[in-house]
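Chemist: Quick one: structure below, then a few questions.
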Amino acid sequence: MKILVIDDERPTLSMFKLFLTAYGYDVYTAQDGEKGLTLFNEISPEIVFTDIKMPGIDGLEVLRRIKKTGTSSQVIIITGHGDMEKAVEALDLNASDFINKPVERQALNSALARAEKRKLLPLNLPFKFSDAKEGSKLVISVKGKLSAPAKEEFHSLFKAEALNDVEEVCLVFDDSFSIDRPGISLLMTAIQELKQEGVSIVMENLSYNYVRVFRMAGIDKIARLKEELKED
């Protein structure tokens with residue numbers, strides 16, 4: 001599998017090339033957005049890592065242009081420490097995931113695993129859910145993208161009749177799950193309303209990096225977050 005890494009810092013490119021080559025990927029590098037997009041068109045990589053802050057064409061613009069091609073290539077944004085707002089902006093543009101500098105192995109592994117799984121899924125997978133009641137627990141499996149167009153369907157999950165005798169709602173996120181800022185607002189509102197009704201909320205199978213996004217949004221204050229199972 002081919003991976004393209006775009007970053008204006010040579011040490012970062014060297015680090016990614018070392019790690020990803022050791023994982024068995026064919027790794028290509030570019031030191032700015034323009035060269036990265038040219039190389040992208042030449043080699044058609046399955047996964048792209050791009051730094052978000054670069055002179056000239058930045059990472060968000062790289063992401064926009066790659067998404068305009070209609071390719072199934074997965075784009076992972078590299079952000080600096082404290083750039084979580086930029087990471088969420090990247091999710092608005094359908095980035096597969098993001099990782100922060102300095103890059104942690106756990107975050108890298110999580111982003112790679114997620115990108116490889118999403119590469120096999122249809123593009124623009126719509127929001128879907130299935131639910132099952134287990135005693136006083138309601139388990140809801142969530143697939144696809146949670147965004148503004150999914151508002152009505154998402155709120156239908158939490159109708160009063162569906163919550164009869166429910167003490168806990170467990171949201172299980174499929175590998176296809178993605179979210180943007182409007183989706184985060186929908187999720188936060190739903191969880192707050194459940195909390196007011198005395199229902200506890202558990203969120204399972206979250207990627208390492210989505211846990212960080214939800215913590216930034218304060219969701220961890222009103223729901224229990226469980227990461228996906230880690231693989232060595």
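In the structure tokens, each chain is lettered A, B, ... as it comes, each chain's residues begin at 1, and ligands are numbered from 1 in order of appearance.
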Quick one: residues within 9 Å of segment 15-31 of chain A, only C-alpha atoms, excluding same-chain residues fewer than 3 positions away - as a list in words?
Modeler: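 Non-adjacent residues within range: Met1, Lys2, Ile3, Leu4, Val5, Ile6, Asp7, Asp8, Glu9, Arg10, Pro11, Thr12, Glu34, Lys35, Gly36, Leu37, Leu39, Ile43, Pro45 and Met54 of chain A.
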Chemist: Could those selected residues go to a file with C-alpha atoms, as an mmCIF file, in the first residue's frame?
Modeler:
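What follows is the written file again_25.cif:
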```
data_model
loop_
_atom_site.group_PDB
_atom_site.id
_atom_site.type_symbol
_atom_site.label_atom_id
_atom_site.label_comp_id
_atom_site.auth_asym_id
_atom_site.auth_seq_id
_atom_site.Cartn_x
_atom_site.Cartn_y
_atom_site.Cartn_z
ATOM 1 C CA MET A 1 0.000 0.000 0.000
ATOM 2 C CA LYS A 2 1.320 3.448 -0.956
ATOM 3 C CA ILE A 3 1.416 6.295 1.548
ATOM 4 C CA LEU A 4 2.271 9.913 0.758
ATOM 5 C CA VAL A 5 3.552 12.172 3.553
ATOM 6 C CA ILE A 6 3.548 15.953 3.001
ATOM 7 C CA ASP A 7 5.343 18.144 5.541
ATOM 8 C CA ASP A 8 7.700 21.109 5.326
ATOM 9 C CA GLU A 9 9.910 19.769 8.142
ATOM 10 C CA ARG A 10 12.535 17.228 7.035
ATOM 11 C CA PRO A 11 12.808 15.551 10.485
ATOM 12 C CA THR A 12 9.059 14.863 10.414
ATOM 13 C CA GLU A 34 2.295 21.857 -4.319
ATOM 14 C CA LYS A 35 4.863 19.077 -4.724
ATOM 15 C CA GLY A 36 2.667 16.813 -2.625
ATOM 16 C CA LEU A 37 -0.350 17.287 -4.912
ATOM 17 C CA LEU A 39 3.106 13.476 -6.494
ATOM 18 C CA ILE A 43 1.247 7.745 -7.712
ATOM 19 C CA PRO A 45 -1.588 6.732 -2.873
ATOM 20 C CA MET A 54 2.827 24.784 5.550
#
```
Chemist: Excluding segment 98-113 of chain A and residues on its chain fewer than 2 positions from it, collect all residues at most 8 Å away from it, counting only C-alpha atoms, and give them as a PDB file with N, CA and C atoms, in the first residue's frame.
Modeler:
```pdb
ATOM      1  N   ILE A  76      -5.126  11.994   6.256  1.00  0.00           N
ATOM      2  CA  ILE A  76      -4.931  12.154   7.694  1.00  0.00           C
ATOM      3  C   ILE A  76      -4.156  13.449   7.921  1.00  0.00           C
ATOM      4  N   ILE A  77      -4.711  14.336   8.702  1.00  0.00           N
ATOM      5  CA  ILE A  77      -4.105  15.644   8.957  1.00  0.00           C
ATOM      6  C   ILE A  77      -3.130  15.560  10.133  1.00  0.00           C
ATOM      7  N   ILE A  78      -1.968  16.184   9.964  1.00  0.00           N
ATOM      8  CA  ILE A  78      -0.969  16.278  11.035  1.00  0.00           C
ATOM      9  C   ILE A  78      -1.077  17.678  11.641  1.00  0.00           C
ATOM     10  N   THR A  79      -1.377  17.757  12.910  1.00  0.00           N
ATOM     11  CA  THR A  79      -1.538  19.058  13.561  1.00  0.00           C
ATOM     12  C   THR A  79      -0.485  19.254  14.641  1.00  0.00           C
ATOM     13  N   GLY A  80      -0.231  20.515  14.967  1.00  0.00           N
ATOM     14  CA  GLY A  80       0.657  20.829  16.073  1.00  0.00           C
ATOM     15  C   GLY A  80      -0.092  20.759  17.390  1.00  0.00           C
ATOM     16  N   HIS A  81       0.645  20.774  18.480  1.00  0.00           N
ATOM     17  CA  HIS A  81       0.034  20.748  19.802  1.00  0.00           C
ATOM     18  C   HIS A  81      -0.855  21.981  19.973  1.00  0.00           C
ATOM     19  N   ALA A  87      -8.034  20.649  13.684  1.00  0.00           N
ATOM     20  CA  ALA A  87      -8.332  19.243  13.459  1.00  0.00           C
ATOM     21  C   ALA A  87      -9.825  19.050  13.207  1.00  0.00           C
ATOM     22  N   ALA A  95     -11.756  14.755   6.376  1.00  0.00           N
ATOM     23  CA  ALA A  95     -10.500  14.063   6.653  1.00  0.00           C
ATOM     24  C   ALA A  95     -10.807  12.728   7.324  1.00  0.00           C
ATOM     25  N   SER A  96      -9.999  11.737   7.031  1.00  0.00           N
ATOM     26  CA  SER A  96     -10.190  10.426   7.647  1.00  0.00           C
ATOM     27  C   SER A  96      -9.909  10.494   9.142  1.00  0.00           C
ATOM     28  N   ALA A 115      -7.903   4.382   8.643  1.00  0.00           N
ATOM     29  CA  ALA A 115      -7.821   4.731   7.223  1.00  0.00           C
ATOM     30  C   ALA A 115      -7.912   3.483   6.349  1.00  0.00           C
ATOM     31  N   GLU A 116      -7.255   2.415   6.754  1.00  0.00           N
ATOM     32  CA  GLU A 116      -7.293   1.186   5.964  1.00  0.00           C
ATOM     33  C   GLU A 116      -8.708   0.612   5.904  1.00  0.00           C
ATOM     34  N   LYS A 117      -9.431   0.679   7.001  1.00  0.00           N
ATOM     35  CA  LYS A 117     -10.806   0.181   7.021  1.00  0.00           C
ATOM     36  C   LYS A 117     -11.719   1.066   6.182  1.00  0.00           C
ATOM     37  N   SER A 207     -12.188   5.774  18.124  1.00  0.00           N
ATOM     38  CA  SER A 207     -10.764   5.798  17.823  1.00  0.00           C
ATOM     39  C   SER A 207     -10.053   6.684  18.847  1.00  0.00           C
ATOM     40  N   TYR A 208      -8.775   6.450  18.995  1.00  0.00           N
ATOM     41  CA  TYR A 208      -7.945   7.211  19.936  1.00  0.00           C
ATOM     42  C   TYR A 208      -8.108   8.709  19.705  1.00  0.00           C
ATOM     43  N   ASN A 209      -8.133   9.118  18.429  1.00  0.00           N
ATOM     44  CA  ASN A 209      -8.175  10.542  18.120  1.00  0.00           C
ATOM     45  C   ASN A 209      -9.569  11.135  18.269  1.00  0.00           C
TER      46      ASN A 209
END
```
Chemist: Would you tabulate, counting only C-alpha atoms, all residues of segment 70-173 of chain A that have an atom at most 6 Å from an atom of segment 187-206 of chain A, showing the closest pair of atoms and their distance in Å to one decimal, sorted by chain then ascending number, as CSV?
Modeler:
```
residue,atom,partner,partner_atom,distance
A:Glu167,CA,A:Val199,CA,4.9
A:Glu168,CA,A:Ser200,CA,4.7
A:Val169,CA,A:Ile201,CA,4.9
A:Cys170,CA,A:Val202,CA,4.7
A:Leu171,CA,A:Met203,CA,4.8
A:Val172,CA,A:Glu204,CA,4.8
A:Phe173,CA,A:Asn205,CA,5.6
```
Chemist: Could you turn the residues from that selection into a file that holds C-alpha atoms, as a PDB file, in the first residue's frame?
Modeler:
```pdb
ATOM      1  CA  GLU A 167     -31.304   3.449  32.442  1.00  0.00           C
ATOM      2  CA  GLU A 168     -28.297   3.386  30.108  1.00  0.00           C
ATOM      3  CA  VAL A 169     -27.765   4.194  26.426  1.00  0.00           C
ATOM      4  CA  CYS A 170     -24.692   2.643  24.825  1.00  0.00           C
ATOM      5  CA  LEU A 171     -23.589   4.210  21.523  1.00  0.00           C
ATOM      6  CA  VAL A 172     -21.332   1.852  19.569  1.00  0.00           C
ATOM      7  CA  PHE A 173     -19.464   3.555  16.718  1.00  0.00           C
TER       8      PHE A 173
END
```
Chemist: Could you go through segment 3-134 of chain A and tell me which residues DSSP, when run on the backbone, assigns to helix (DSSP H, G or I), listing them as a ChimeraX atom specification?
Modeler: /A:10-22,33-43,59-68,84-92,105-119
Chemist: Tell me which protein, DNA and RNA residues are within 10 Å of Ala217 of chain A, counting only C-alpha atoms, leaving out same-chain ones fewer than 6 positions away, and put them as a count of residues only.
Modeler: 5
Chemist: How close does segment 17-129 of chain A get to segment 141-147 of chain A? List, as a Markdown table, each residue of segment 17-129 of chain A within 12 Å, its nearest atom pair and the distance in Å to one decimal, counting only C-alpha atoms.
Modeler:
```
| residue | atom | partner | partner_atom | distance |
| --- | --- | --- | --- | --- |
| A:Leu91 | CA | A:Lys145 | CA | 10.5 |
| A:Asp92 | CA | A:Ser147 | CA | 9.1 |
| A:Leu93 | CA | A:Ser147 | CA | 11.7 |
| A:Asn94 | CA | A:Lys145 | CA | 9.3 |
| A:Ala95 | CA | A:Lys145 | CA | 11.8 |
| A:Ser96 | CA | A:Lys145 | CA | 11.4 |
| A:Arg118 | CA | A:Gly144 | CA | 10.4 |
| A:Leu121 | CA | A:Gly144 | CA | 9.8 |
| A:Pro122 | CA | A:Gly144 | CA | 9.8 |
| A:Leu123 | CA | A:Gly144 | CA | 9.7 |
| A:Asn124 | CA | A:Lys145 | CA | 7.7 |
| A:Leu125 | CA | A:Gly144 | CA | 5.0 |
| A:Pro126 | CA | A:Gly144 | CA | 5.0 |
| A:Phe127 | CA | A:Gly144 | CA | 4.3 |
| A:Lys128 | CA | A:Lys143 | CA | 5.1 |
| A:Phe129 | CA | A:Val142 | CA | 4.6 |
```
Chemist: Compare A:Met84, A:Ile52, A:Ala162, A:Ile57 by their minimum atom-to-atom distance to Arg215 of chain A, counting only C-alpha atoms, and give me the closest one.
Modeler: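 Going through A:Met84, A:Ile52, A:Ala162, A:Ile57 one by one, the smallest distance to Arg215 of chain A is for A:Met84.
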Chemist: Using only C-alpha atoms, find the one residue out of A:Ser44, A:Gly135, A:Ile219, A:Asp83 that sits nearest to Thr69 of chain A.
Modeler: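 Counting only C-alpha atoms, the residue closest to Thr69 of chain A is A:Ser44.
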Chemist: Would you mind telling me which residue in A:Val88, A:Pro149, A:Arg212, A:Arg114 lies nearest to Asp174 of chain A when using only C-alpha atoms?
Modeler: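 Checking each of A:Val88, A:Pro149, A:Arg212, A:Arg114 against Asp174 of chain A, counting only C-alpha atoms, the winner is A:Arg114.
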Chemist: May I have all residues of segment 71-140 of chain A that DSSP, computed from the backbone, assigns to strand (DSSP E or B), given as JSON, numbers by chain?
Modeler: {"A": [74, 75, 76, 77, 78, 79, 97, 98, 99, 100, 128, 129, 130, 131, 132, 133, 134, 137, 138, 139, 140]}
Chemist: Please produce a file of those selected residues containing N, CA and C atoms, as a PDB file, in the first residue's frame.
Modeler:
```pdb
ATOM      1  N   GLN A  74      -7.514   8.125   1.588  1.00  0.00           N
ATOM      2  CA  GLN A  74      -7.806   8.633   2.924  1.00  0.00           C
ATOM      3  C   GLN A  74      -6.762   9.669   3.326  1.00  0.00           C
ATOM      4  N   VAL A  75      -7.226  10.831   3.798  1.00  0.00           N
ATOM      5  CA  VAL A  75      -6.322  11.917   4.173  1.00  0.00           C
ATOM      6  C   VAL A  75      -6.315  12.077   5.682  1.00  0.00           C
ATOM      7  N   ILE A  76      -5.126  11.994   6.256  1.00  0.00           N
ATOM      8  CA  ILE A  76      -4.931  12.154   7.694  1.00  0.00           C
ATOM      9  C   ILE A  76      -4.156  13.449   7.921  1.00  0.00           C
ATOM     10  N   ILE A  77      -4.711  14.336   8.702  1.00  0.00           N
ATOM     11  CA  ILE A  77      -4.105  15.644   8.957  1.00  0.00           C
ATOM     12  C   ILE A  77      -3.130  15.560  10.133  1.00  0.00           C
ATOM     13  N   ILE A  78      -1.968  16.184   9.964  1.00  0.00           N
ATOM     14  CA  ILE A  78      -0.969  16.278  11.035  1.00  0.00           C
ATOM     15  C   ILE A  78      -1.077  17.678  11.641  1.00  0.00           C
ATOM     16  N   THR A  79      -1.377  17.757  12.910  1.00  0.00           N
ATOM     17  CA  THR A  79      -1.538  19.058  13.561  1.00  0.00           C
ATOM     18  C   THR A  79      -0.485  19.254  14.641  1.00  0.00           C
ATOM     19  N   ASP A  97      -8.880  11.250   9.507  1.00  0.00           N
ATOM     20  CA  ASP A  97      -8.462  11.308  10.903  1.00  0.00           C
ATOM     21  C   ASP A  97      -7.424  12.407  11.038  1.00  0.00           C
ATOM     22  N   PHE A  98      -6.869  12.563  12.214  1.00  0.00           N
ATOM     23  CA  PHE A  98      -5.788  13.513  12.441  1.00  0.00           C
ATOM     24  C   PHE A  98      -4.880  12.971  13.523  1.00  0.00           C
ATOM     25  N   ILE A  99      -3.649  13.423  13.521  1.00  0.00           N
ATOM     26  CA  ILE A  99      -2.718  13.088  14.596  1.00  0.00           C
ATOM     27  C   ILE A  99      -1.952  14.352  14.965  1.00  0.00           C
ATOM     28  N   ASN A 100      -1.547  14.425  16.219  1.00  0.00           N
ATOM     29  CA  ASN A 100      -0.822  15.587  16.718  1.00  0.00           C
ATOM     30  C   ASN A 100       0.679  15.342  16.747  1.00  0.00           C
ATOM     31  N   LYS A 128     -26.544   5.892   9.427  1.00  0.00           N
ATOM     32  CA  LYS A 128     -27.454   4.781   9.672  1.00  0.00           C
ATOM     33  C   LYS A 128     -27.298   4.322  11.112  1.00  0.00           C
ATOM     34  N   PHE A 129     -28.339   3.663  11.628  1.00  0.00           N
ATOM     35  CA  PHE A 129     -28.234   3.126  12.973  1.00  0.00           C
ATOM     36  C   PHE A 129     -29.095   1.873  13.103  1.00  0.00           C
ATOM     37  N   SER A 130     -28.773   1.096  14.093  1.00  0.00           N
ATOM     38  CA  SER A 130     -29.635  -0.019  14.496  1.00  0.00           C
ATOM     39  C   SER A 130     -29.633  -0.039  16.015  1.00  0.00           C
ATOM     40  N   ASP A 131     -30.748  -0.447  16.620  1.00  0.00           N
ATOM     41  CA  ASP A 131     -30.795  -0.446  18.078  1.00  0.00           C
ATOM     42  C   ASP A 131     -31.378  -1.752  18.597  1.00  0.00           C
ATOM     43  N   ALA A 132     -30.987  -2.064  19.802  1.00  0.00           N
ATOM     44  CA  ALA A 132     -31.476  -3.283  20.462  1.00  0.00           C
ATOM     45  C   ALA A 132     -31.520  -3.032  21.956  1.00  0.00           C
ATOM     46  N   LYS A 133     -32.588  -3.492  22.592  1.00  0.00           N
ATOM     47  CA  LYS A 133     -32.748  -3.293  24.031  1.00  0.00           C
ATOM     48  C   LYS A 133     -32.276  -4.533  24.772  1.00  0.00           C
ATOM     49  N   GLU A 134     -31.450  -4.319  25.763  1.00  0.00           N
ATOM     50  CA  GLU A 134     -30.941  -5.400  26.603  1.00  0.00           C
ATOM     51  C   GLU A 134     -31.298  -5.072  28.049  1.00  0.00           C
ATOM     52  N   LYS A 137     -30.853  -1.485  29.307  1.00  0.00           N
ATOM     53  CA  LYS A 137     -29.838  -0.825  28.472  1.00  0.00           C
ATOM     54  C   LYS A 137     -30.281  -0.813  27.011  1.00  0.00           C
ATOM     55  N   LEU A 138     -30.157   0.351  26.362  1.00  0.00           N
ATOM     56  CA  LEU A 138     -30.441   0.485  24.939  1.00  0.00           C
ATOM     57  C   LEU A 138     -29.106   0.614  24.207  1.00  0.00           C
ATOM     58  N   VAL A 139     -28.816  -0.359  23.321  1.00  0.00           N
ATOM     59  CA  VAL A 139     -27.566  -0.355  22.562  1.00  0.00           C
ATOM     60  C   VAL A 139     -27.861   0.154  21.152  1.00  0.00           C
ATOM     61  N   ILE A 140     -27.176   1.214  20.766  1.00  0.00           N
ATOM     62  CA  ILE A 140     -27.380   1.823  19.451  1.00  0.00           C
ATOM     63  C   ILE A 140     -26.074   1.751  18.671  1.00  0.00           C
TER      64      ILE A 140
END
```
